[in-house]
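Q: My structure is in coords-v2.txt, and what it holds is compact mmCIF, C-alpha atoms:
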# COMPACT_ATOMS: atom_id res chain seq x y z
CA MET A 1 -24.28 0.14 0.41
CA LYS A 2 -28.00 0.04 -0.32
CA ASP A 3 -28.66 3.57 -1.59
CA LYS A 4 -28.03 4.40 -5.24
CA ARG A 5 -25.02 6.56 -5.97
CA GLU A 6 -24.19 8.67 -9.01
CA TYR A 7 -20.74 7.07 -9.33
CA ASP A 8 -19.16 3.74 -8.57
CA ILE A 9 -15.69 5.27 -8.11
CA ILE A 10 -14.23 8.74 -7.71
CA ILE A 11 -10.47 9.05 -8.20
CA TRP A 12 -9.30 11.66 -5.70
CA GLY A 13 -6.15 13.51 -6.77
CA ALA A 14 -6.49 12.61 -10.44
CA SER A 15 -4.34 15.51 -11.68
CA GLY A 16 -1.30 14.11 -9.83
CA PHE A 17 1.03 11.60 -11.46
CA THR A 18 -0.27 8.41 -9.83
CA GLY A 19 -3.86 9.63 -9.90
CA ARG A 20 -3.55 10.20 -13.63
CA LEU A 21 -2.23 6.66 -14.13
CA VAL A 22 -5.19 5.23 -12.21
CA ALA A 23 -7.59 7.31 -14.33
CA GLU A 24 -5.85 6.21 -17.54
CA TYR A 25 -6.12 2.59 -16.44
CA LEU A 26 -9.87 2.86 -15.87
CA TYR A 27 -10.33 4.75 -19.13
CA LEU A 28 -8.42 2.21 -21.22
CA ASN A 29 -9.73 -0.94 -19.53
CA TYR A 30 -13.18 -0.18 -18.10
CA ASN A 31 -14.60 2.89 -19.84
CA SER A 32 -16.88 0.81 -22.08
CA ASN A 33 -17.96 -1.39 -19.18
CA ASN A 34 -20.82 -0.74 -16.80
CA LEU A 35 -18.62 1.37 -14.52
CA LYS A 36 -19.56 4.92 -13.56
CA TRP A 37 -16.54 6.91 -12.47
CA ALA A 38 -15.25 10.45 -12.16
CA ILE A 39 -12.02 12.30 -11.46
CA ALA A 40 -11.74 14.72 -8.57
CA GLY A 41 -9.43 17.25 -6.96
CA ARG A 42 -9.10 20.83 -5.84
CA ASP A 43 -7.92 22.52 -9.05
CA LYS A 44 -10.52 22.40 -11.82
CA GLN A 45 -8.16 23.69 -14.52
CA LYS A 46 -5.55 21.01 -13.77
CA LEU A 47 -8.22 18.32 -13.91
CA ILE A 48 -9.56 19.64 -17.22
CA SER A 49 -6.04 19.76 -18.66
CA MET A 50 -5.31 16.19 -17.54
CA ARG A 51 -8.66 14.93 -18.84
CA ASP A 52 -8.28 16.61 -22.22
CA THR A 53 -4.74 15.24 -22.61
CA PHE A 54 -5.17 11.65 -21.43
CA LEU A 55 -8.93 10.91 -21.31
CA ASP A 56 -11.89 12.60 -23.01
CA GLU A 57 -14.73 14.97 -22.17
CA SER A 58 -17.08 12.13 -21.21
CA VAL A 59 -15.26 11.69 -17.87
CA PRO A 60 -17.00 13.81 -15.18
CA ILE A 61 -15.04 16.18 -12.92
CA VAL A 62 -15.79 16.72 -9.22
CA ILE A 63 -14.26 19.58 -7.23
CA ALA A 64 -13.49 19.37 -3.50
CA ASP A 65 -10.80 20.41 -1.02
CA SER A 66 -8.91 18.19 1.45
CA PHE A 67 -9.49 20.76 4.21
CA ASP A 68 -13.12 21.65 3.45
CA GLU A 69 -15.43 19.14 5.15
CA LYS A 70 -18.55 20.38 3.39
CA SER A 71 -17.05 19.88 -0.08
CA LEU A 72 -15.74 16.45 0.91
CA ASP A 73 -19.17 15.41 2.18
CA GLU A 74 -20.79 16.59 -1.05
CA MET A 75 -18.32 14.43 -2.98
CA THR A 76 -18.40 11.27 -0.86
CA LYS A 77 -22.22 11.18 -0.84
CA THR A 78 -22.22 10.74 -4.62
CA THR A 79 -20.03 7.64 -4.93
CA LYS A 80 -19.72 4.06 -3.71
CA VAL A 81 -15.91 4.26 -3.45
CA VAL A 82 -13.31 6.99 -3.10
CA CYS A 83 -9.91 5.98 -4.47
CA SER A 84 -7.37 8.40 -2.98
CA THR A 85 -3.93 9.13 -4.41
CA VAL A 86 -3.34 12.33 -2.40
CA GLY A 87 -0.46 12.04 0.05
CA PRO A 88 1.15 12.44 2.44
CA TYR A 89 -2.04 11.07 3.93
CA ALA A 90 -1.18 12.36 7.39
CA LYS A 91 -1.40 15.86 5.89
CA TYR A 92 -4.26 15.50 3.42
CA GLY A 93 -6.21 12.33 4.18
CA SER A 94 -7.83 12.54 7.61
CA LEU A 95 -10.94 14.58 6.82
CA LEU A 96 -11.59 12.52 3.69
CA VAL A 97 -11.59 9.26 5.66
CA LYS A 98 -13.91 10.85 8.23
CA SER A 99 -16.27 11.93 5.44
CA CYS A 100 -16.29 8.46 3.88
CA VAL A 101 -17.12 6.83 7.21
CA ASN A 102 -19.87 9.36 7.97
CA ASN A 103 -21.44 9.02 4.52
CA LYS A 104 -21.13 5.22 4.28
CA THR A 105 -18.69 5.31 1.37
CA HIS A 106 -15.94 2.73 0.89
CA TYR A 107 -12.36 4.00 0.57
CA CYS A 108 -8.96 2.80 -0.64
CA ASP A 109 -5.57 4.47 -0.82
CA LEU A 110 -1.80 4.04 -1.14
CA ALA A 111 -0.94 5.02 2.44
CA GLY A 112 2.35 3.71 3.79
CA GLU A 113 2.25 5.91 6.88
CA ALA A 114 1.81 3.56 9.82
CA GLN A 115 1.38 6.36 12.34
CA TRP A 116 -1.53 7.82 10.35
CA ILE A 117 -3.18 4.45 9.75
CA ARG A 118 -2.97 3.85 13.52
CA LYS A 119 -4.74 7.17 14.05
CA MET A 120 -7.47 6.24 11.56
CA ILE A 121 -7.96 2.88 13.30
CA ASP A 122 -8.36 4.58 16.68
CA LEU A 123 -10.70 7.26 15.36
CA HIS A 124 -12.85 5.37 12.86
CA HIS A 125 -12.63 1.56 13.04
CA GLU A 126 -15.67 1.03 15.26
CA GLU A 127 -17.82 3.63 13.51
CA ALA A 128 -16.86 2.22 10.10
CA LYS A 129 -17.97 -1.22 11.32
CA ASN A 130 -21.27 0.20 12.52
CA ASN A 131 -21.81 2.04 9.21
CA GLU A 132 -20.78 -1.02 7.15
CA VAL A 133 -17.90 0.83 5.50
CA LYS A 134 -14.60 -0.62 4.31
CA ILE A 135 -11.60 1.70 4.78
CA VAL A 136 -8.73 -0.10 3.04
CA ASN A 137 -5.25 1.39 3.28
CA SER A 138 -2.00 0.38 1.55
CA CYS A 139 -3.38 -0.85 -1.78
CA GLY A 140 -0.21 -0.36 -3.84
CA PHE A 141 3.29 -1.85 -3.83
CA ASP A 142 3.03 -1.20 -0.15
CA SER A 143 1.45 -3.46 0.87
CA ILE A 144 -0.53 -5.63 -1.57
CA PRO A 145 2.29 -7.96 -2.76
CA SER A 146 3.28 -8.70 0.84
CA ASP A 147 -0.23 -8.92 2.27
CA LEU A 148 -1.68 -11.00 -0.57
CA GLY A 149 1.53 -13.01 -0.82
CA VAL A 150 1.13 -14.24 2.75
CA TYR A 151 -2.60 -14.74 2.14
CA PHE A 152 -1.77 -16.88 -0.93
CA ILE A 153 0.73 -18.96 1.04
CA HIS A 154 -1.93 -19.81 3.62
CA LYS A 155 -4.30 -20.87 0.84
CA ASN A 156 -1.68 -23.45 -0.13
CA ILE A 157 -0.36 -24.46 3.30
CA SER A 158 -2.87 -25.35 6.01
CA SER A 159 -0.38 -25.24 8.89
CA LYS A 160 -0.46 -22.34 11.32
CA ASN A 161 2.40 -20.55 13.08
CA LEU A 162 4.66 -20.49 10.03
CA THR A 163 7.83 -18.41 9.88
CA ILE A 164 7.83 -16.48 6.61
CA LYS A 165 10.72 -14.40 5.32
CA MET A 166 9.92 -12.17 2.36
CA ARG A 167 13.04 -11.24 0.40
CA VAL A 168 13.16 -8.77 -2.48
CA ARG A 169 15.00 -10.76 -5.14
CA GLY A 170 14.92 -8.12 -7.84
CA ALA A 171 13.19 -4.92 -8.90
CA LYS A 172 13.51 -2.24 -11.54
CA GLY A 173 11.94 1.15 -11.15
CA THR A 174 11.74 4.00 -8.70
CA TYR A 175 9.57 4.78 -5.73
CA SER A 176 7.09 7.55 -6.36
CA GLY A 177 7.65 11.14 -5.35
CA GLY A 178 4.58 10.77 -3.15
CA THR A 179 6.17 7.81 -1.36
CA TYR A 180 9.30 9.83 -0.63
CA ALA A 181 7.19 12.78 0.54
CA SER A 182 5.28 10.47 2.89
CA MET A 183 8.51 8.97 4.22
CA LYS A 184 9.95 12.41 4.87
CA ASN A 185 6.78 13.42 6.69
CA ILE A 186 6.97 10.27 8.84
CA ILE A 187 10.55 11.11 9.85
CA LYS A 188 9.56 14.69 10.61
CA GLU A 189 6.66 13.56 12.82
CA ALA A 190 8.75 10.89 14.55
CA SER A 191 11.54 13.35 15.38
CA SER A 192 9.16 15.50 17.43
CA ASN A 193 6.52 13.08 18.72
CA ARG A 194 7.26 10.23 21.13
CA GLU A 195 3.93 8.49 20.49
CA VAL A 196 4.61 8.44 16.75
CA ARG A 197 8.04 6.91 17.37
CA LYS A 198 6.47 4.30 19.64
CA SER A 199 3.86 3.39 17.02
CA LEU A 200 6.44 3.14 14.23
CA THR A 201 8.89 0.95 16.15
CA ASN A 202 6.32 -1.51 17.52
CA PRO A 203 6.14 -4.47 15.08
CA TYR A 204 2.50 -4.94 16.10
CA GLY A 205 1.66 -1.23 16.04
CA LEU A 206 -1.38 -1.67 13.76
CA ASN A 207 -2.89 -4.57 15.68
CA PRO A 208 -6.05 -4.04 17.74
CA ALA A 209 -5.59 -2.56 21.19
CA GLY A 210 -4.51 -5.19 23.68
CA GLU A 211 -3.03 -7.39 20.94
CA GLN A 212 0.13 -5.41 20.18
CA SER A 213 2.76 -7.96 21.13
CA GLY A 214 4.18 -11.17 19.70
CA LEU A 215 7.29 -13.04 18.64
CA ASP A 216 8.42 -10.66 15.89
CA LYS A 217 11.11 -8.09 16.57
CA ARG A 218 11.71 -4.67 15.02
CA ASP A 219 12.38 -4.46 11.28
CA LEU A 220 15.94 -4.88 10.05
CA THR A 221 18.11 -1.74 10.31
CA SER A 222 21.54 -3.00 9.19
CA VAL A 223 23.22 -5.37 6.75
CA VAL A 224 23.38 -8.91 8.20
CA TYR A 225 23.93 -12.46 7.00
CA ASP A 226 20.78 -14.59 6.98
CA LYS A 227 21.88 -18.16 7.69
CA LYS A 228 18.48 -19.63 6.86
CA ILE A 229 18.53 -18.42 3.25
CA LYS A 230 22.34 -18.26 2.94
CA SER A 231 22.47 -14.66 1.79
CA TRP A 232 23.42 -11.22 3.01
CA ILE A 233 20.35 -9.06 3.46
CA SER A 234 19.82 -5.32 3.78
CA PRO A 235 16.88 -3.26 5.09
CA PHE A 236 13.85 -2.88 2.81
CA LEU A 237 12.27 0.57 2.66
CA MET A 238 8.70 -0.77 2.64
CA ALA A 239 9.18 -3.33 5.43
CA GLY A 240 8.05 -0.89 8.11
CA ILE A 241 4.52 -0.73 6.75
CA ASN A 242 4.28 -4.11 4.98
CA THR A 243 5.06 -6.20 8.05
CA LYS A 244 2.54 -4.30 10.17
CA ILE A 245 -0.18 -4.70 7.54
CA VAL A 246 0.46 -8.47 7.36
CA ARG A 247 0.26 -8.76 11.16
CA ARG A 248 -2.95 -6.72 11.25
CA SER A 249 -4.45 -9.06 8.64
CA ASN A 250 -3.63 -11.97 10.95
CA ALA A 251 -5.20 -10.25 13.96
CA LEU A 252 -8.35 -9.19 12.09
CA SER A 253 -8.86 -12.76 10.86
CA ASN A 254 -8.88 -14.02 14.46
CA TYR A 255 -5.32 -15.27 13.97
CA HIS A 256 -5.92 -17.43 10.93
CA TYR A 257 -2.12 -17.55 10.54
CA GLY A 258 -1.67 -18.47 14.21
CA LYS A 259 -0.72 -16.60 17.39
CA ASP A 260 2.95 -17.60 16.90
CA PHE A 261 3.12 -16.64 13.21
CA LYS A 262 6.38 -14.83 12.39
CA TYR A 263 7.08 -12.54 9.45
CA ASP A 264 9.88 -10.24 8.29
CA GLU A 265 11.12 -8.55 5.13
CA ALA A 266 14.50 -7.58 3.65
CA VAL A 267 16.38 -7.23 0.38
CA MET A 268 18.49 -10.19 -0.80
CA ALA A 269 22.02 -8.97 -1.54
CA GLY A 270 23.81 -12.23 -2.37
CA SER A 271 26.49 -14.35 -0.72
CA GLY A 272 30.18 -13.84 0.04
CA PHE A 273 32.11 -10.57 0.07
CA LYS A 274 30.29 -9.33 -3.03
CA GLY A 275 26.93 -9.92 -1.35
CA ARG A 276 27.96 -8.02 1.76
CA LEU A 277 29.26 -5.10 -0.30
CA ASN A 278 26.07 -5.10 -2.36
CA GLY A 279 24.02 -5.02 0.85
CA ILE A 280 25.93 -1.97 2.07
CA ILE A 281 25.43 -0.20 -1.25
CA LEU A 282 21.71 -1.01 -1.22
CA SER A 283 21.32 0.46 2.27
CA ILE A 284 23.01 3.82 1.51
CA PRO A 285 19.81 5.55 0.26
CA LEU A 286 18.10 4.65 3.54
CA ILE A 287 20.82 6.50 5.47
CA PHE A 288 20.00 9.66 3.52
CA LEU A 289 16.24 9.10 3.86
CA ALA A 290 16.45 8.64 7.63
CA ALA A 291 18.66 11.70 8.13
CA LYS A 292 17.51 14.32 10.59
CA PRO A 293 15.41 17.05 8.94
CA GLY A 294 17.62 20.00 8.02
CA SER A 295 20.87 18.01 8.12
CA LEU A 296 23.30 17.87 5.18
CA PHE A 297 22.29 14.28 4.34
CA ASN A 298 18.64 15.33 4.44
CA LYS A 299 19.26 18.26 2.08
CA ILE A 300 21.17 16.03 -0.36
CA PHE A 301 18.34 13.47 -0.30
CA ASN A 302 15.69 16.14 -0.88
CA PHE A 303 17.64 17.50 -3.85
CA PHE A 304 17.92 14.16 -5.66
CA SER A 305 14.62 12.47 -4.73
CA PRO A 306 11.61 12.81 -7.07
CA LYS A 307 9.01 15.39 -6.11
CA PRO A 308 5.29 14.59 -5.69
CA GLY A 309 3.71 14.62 -9.14
CA GLU A 310 6.91 13.58 -10.91
CA GLY A 311 7.48 10.15 -12.37
CA PRO A 312 8.99 8.02 -15.14
CA ASN A 313 7.74 7.95 -18.71
CA LYS A 314 5.69 5.06 -20.14
CA LYS A 315 8.72 3.25 -21.56
CA GLU A 316 10.44 3.32 -18.17
CA ARG A 317 7.28 2.16 -16.39
CA ASP A 318 6.71 -0.67 -18.86
CA SER A 319 10.29 -1.94 -18.57
CA GLY A 320 10.10 -2.17 -14.78
CA TYR A 321 9.25 -5.20 -12.66
CA PHE A 322 9.50 -6.68 -9.18
CA ASN A 323 10.30 -10.19 -7.96
CA LEU A 324 9.61 -11.13 -4.34
CA LYS A 325 10.50 -14.48 -2.79
CA PHE A 326 8.80 -15.88 0.31
CA PHE A 327 10.77 -18.49 2.27
CA VAL A 328 8.35 -20.51 4.40
CA PHE A 329 9.60 -22.47 7.41
CA GLN A 330 7.42 -24.94 9.29
CA GLU A 331 8.06 -27.65 11.86
CA ASN A 332 8.84 -31.16 10.58
CA SER A 333 8.75 -30.09 6.94
CA ASP A 334 11.09 -28.86 4.22
CA THR A 335 11.34 -25.16 3.50
CA ALA A 336 8.71 -24.04 0.99
CA LEU A 337 9.36 -21.26 -1.51
CA PHE A 338 6.77 -18.93 -3.04
CA LYS A 339 7.09 -16.04 -5.46
CA VAL A 340 5.15 -12.86 -6.21
CA THR A 341 6.02 -10.85 -9.32
CA GLY A 342 4.77 -7.74 -11.09
CA ASP A 343 5.15 -6.84 -14.77
CA LYS A 344 5.59 -3.07 -14.37
CA ASP A 345 7.75 -0.83 -12.21
CA PRO A 346 6.62 -1.12 -8.58
CA GLY A 347 6.23 2.57 -7.73
CA TYR A 348 3.96 3.62 -10.59
CA GLY A 349 3.00 1.06 -13.25
CA SER A 350 2.10 -1.80 -10.92
CA THR A 351 0.92 0.39 -8.05
CA SER A 352 -1.62 2.25 -10.21
CA LYS A 353 -3.10 -1.05 -11.45
CA MET A 354 -3.27 -2.52 -7.93
CA LEU A 355 -5.07 0.55 -6.59
CA ALA A 356 -7.47 0.72 -9.53
CA GLU A 357 -8.42 -2.94 -9.20
CA SER A 358 -8.89 -2.48 -5.45
CA ALA A 359 -11.34 0.34 -6.10
CA ILE A 360 -13.26 -1.72 -8.67
CA CYS A 361 -13.28 -4.68 -6.29
CA LEU A 362 -14.81 -2.55 -3.52
CA ALA A 363 -17.38 -1.06 -5.90
CA LYS A 364 -18.44 -4.12 -7.87
CA ASP A 365 -17.54 -7.44 -6.23
CA ASN A 366 -19.73 -9.37 -3.80
CA LEU A 367 -17.38 -9.10 -0.83
CA ASP A 368 -17.76 -10.58 2.63
CA ASN A 369 -19.43 -8.43 5.27
CA LYS A 370 -16.21 -7.26 6.89
CA PHE A 371 -16.11 -3.60 7.81
CA GLY A 372 -13.85 -1.14 9.59
CA VAL A 373 -10.31 0.10 8.93
CA LEU A 374 -9.03 -2.99 7.16
CA THR A 375 -6.16 -4.48 5.17
CA PRO A 376 -6.33 -5.48 1.49
CA SER A 377 -6.31 -9.25 2.06
CA TYR A 378 -8.83 -9.16 4.91
CA ALA A 379 -11.22 -6.76 3.15
CA MET A 380 -11.13 -8.28 -0.34
CA GLY A 381 -9.57 -11.77 -0.09
CA ASP A 382 -9.89 -14.03 -3.14
CA HIS A 383 -11.68 -11.29 -5.09
CA ILE A 384 -8.69 -8.96 -5.19
CA LEU A 385 -6.25 -11.88 -5.55
CA ASN A 386 -8.04 -13.00 -8.72
CA ARG A 387 -8.16 -9.45 -10.06
CA LEU A 388 -4.44 -8.93 -9.46
CA ILE A 389 -3.63 -12.09 -11.40
CA SER A 390 -6.09 -11.64 -14.29
CA LYS A 391 -5.98 -7.85 -14.67
CA ALA A 392 -3.04 -6.21 -12.90
CA GLY A 393 -0.07 -8.23 -14.15
CA LEU A 394 0.83 -9.85 -10.83
CA SER A 395 1.65 -13.53 -10.44
CA PHE A 396 1.52 -15.67 -7.29
CA SER A 397 3.17 -19.08 -7.43
CA LYS A 398 4.66 -21.88 -5.36
CA ILE A 399 8.19 -22.73 -6.53
CA LYS A 400 8.77 -25.67 -4.20
Have the structure of the file written as structure tokens, please.

A:
Amino acid sequence: MKDKREYDIIIWGASGFTGRLVAEYLYLNYNSNNLKWAIAGRDKQKLISMRDTFLDESVPIVIADSFDEKSLDEMTKTTKVVCSTVGPYAKYGSLLVKSCVNNKTHYCDLAGEAQWIRKMIDLHHEEAKNNEVKIVNSCGFDSIPSDLGVYFIHKNISSKNLTIKMRVRGAKGTYSGGTYASMKNIIKEASSNREVRKSLTNPYGLNPAGEQSGLDKRDLTSVVYDKKIKSWISPFLMAGINTKIVRRSNALSNYHYGKDFKYDEAVMAGSGFKGRLNGIILSIPLIFLAAKPGSLFNKIFNFFSPKPGEGPNKKERDSGYFNLKFFVFQENSDTALFKVTGDKDPGYGSTSKMLAESAICLAKDNLDNKFGVLTPSYAMGDHILNRLISKAGLSFSKIK
């Protein structure tokens, strides 16, 4: 980006819960640095109220509307990076991405909606490359720990065509109301659109056209015993997007991980009868989430799930964590074990820091000339890995 912009970063959706956390993070950690940033959204009064409560009057406010292309263009022309927290992205994100591509503005978000990311790839990848723009989706708990975890493993193991099994070993915290809203929108779209269902069920659904096949099968949908790690495992809510992002990273890098690289994700439930029972209990919320729109299960889930804009207090966020284990299998070698951890709850505390550091990375770091609709590891590589470790409370380590 050669032209001078008024701002380095604009936080889009800053009056929402996650947007506010991203703004607070920049204010507390970067406000005295040489970083020019602003908060943005549709409702000026909500933005003023949020700013006066959590920030101060020095933070500029920008007004735009997700469905008004002119206002979006006026906003995206003024900044190097748009950091979007407004979901579901399939409802509110398409025109913003289009505006960023047209106006040569980098973009990052928290999208976990594979069907929408596929649409953005088809519509904008080539033009974003031509305009030297980085569109980077999934910069929160989905899918940075998975994507950068696999990236980190390949920095430590030179072999290709590894089989990697990511297992959630422990976590404390809740998913965001925005995540649940996005999931519900995915299910609604999939129930009425065959192409959406096809995109969601294809393990390689985010790979480039003509490269959407491989050794991996569909994500886990039931409780099973994993003989390789000697534990019962249950489906992981984020696996559907995480695994596709990891495979797209491999494809974009000209198969740096190998054409026969295999990857899957699940939740570790333990061994024996207790482990199996625990796996069943862990999978119950997914039954309610996947229920047909309008059904009794769906209504119960909607009643109890957090709404967009809602979230835990600071004490609850600070007491959260996540612990992910990566079991690495390779020919003629012992199983290797890696770990990725976060020091805040995954849905809010850690996610807001990951997204904020991604935006700063895009705005300030000397990144490789890789453009298009990209993944976090492919777009930002070592730069974001180092930021996650030094700034965002994540750790990446080899256990054995």

Q: Rounded to one decimal place, report the CA of Gly372 in chain A-CA of Asn161 in chain A distance in Å.

A: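 Taking CA of Gly372 in chain A and CA of Asn161 in chain A, their separation equals 25.6 Å.
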
Q: Could you jot down the CA of His125 in chain A to CA of Met183 in chain A separation for me, Å, one decimal place?

A: 24.1 Å

Q: Can you work out the spacing between CA of Ser390 in chain A and CA of Leu362 in chain A in Å, to one decimal?

A: 16.6 Å

Q: Please identify all polymer residues within 8 Å of range 115-123 of chain A, counting only C-alpha atoms, omitting same-chain residues fewer than 5 positions from it, and present them as a PDB file with C-alpha atoms, keeping the file's coordinate frame.

A:
ATOM      1  CA  TYR A  89      -2.040  11.070   3.930  1.00  0.00           C
ATOM      2  CA  ALA A  90      -1.180  12.360   7.390  1.00  0.00           C
ATOM      3  CA  SER A  94      -7.830  12.540   7.610  1.00  0.00           C
ATOM      4  CA  VAL A  97     -11.590   9.260   5.660  1.00  0.00           C
ATOM      5  CA  ASN A 137      -5.250   1.390   3.280  1.00  0.00           C
ATOM      6  CA  ILE A 186       6.970  10.270   8.840  1.00  0.00           C
ATOM      7  CA  VAL A 196       4.610   8.440  16.750  1.00  0.00           C
ATOM      8  CA  SER A 199       3.860   3.390  17.020  1.00  0.00           C
ATOM      9  CA  LEU A 200       6.440   3.140  14.230  1.00  0.00           C
ATOM     10  CA  GLY A 205       1.660  -1.230  16.040  1.00  0.00           C
ATOM     11  CA  LEU A 206      -1.380  -1.670  13.760  1.00  0.00           C
ATOM     12  CA  VAL A 373     -10.310   0.100   8.930  1.00  0.00           C
TER      13      VAL A 373
END

Q: Of the residues A:Arg276, A:Arg317, A:Lys370, A:Lys160, which is the one nearest to Lys344 in chain A, using all atoms listed in the file?

A: A:Arg317

Q: Please return, as a list in words, all polymer residues that have at least one atom within 7 Å of the point (10.8, -5.0, 10.6); use all atoms listed in the file and the file's own coordinate frame.

A: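 Returned residue set, sorted by chain then number, is Pro203, Lys217, Arg218, Asp219, Leu220, Ala239, Gly240, Thr243, Asp264 and Glu265 of chain A.
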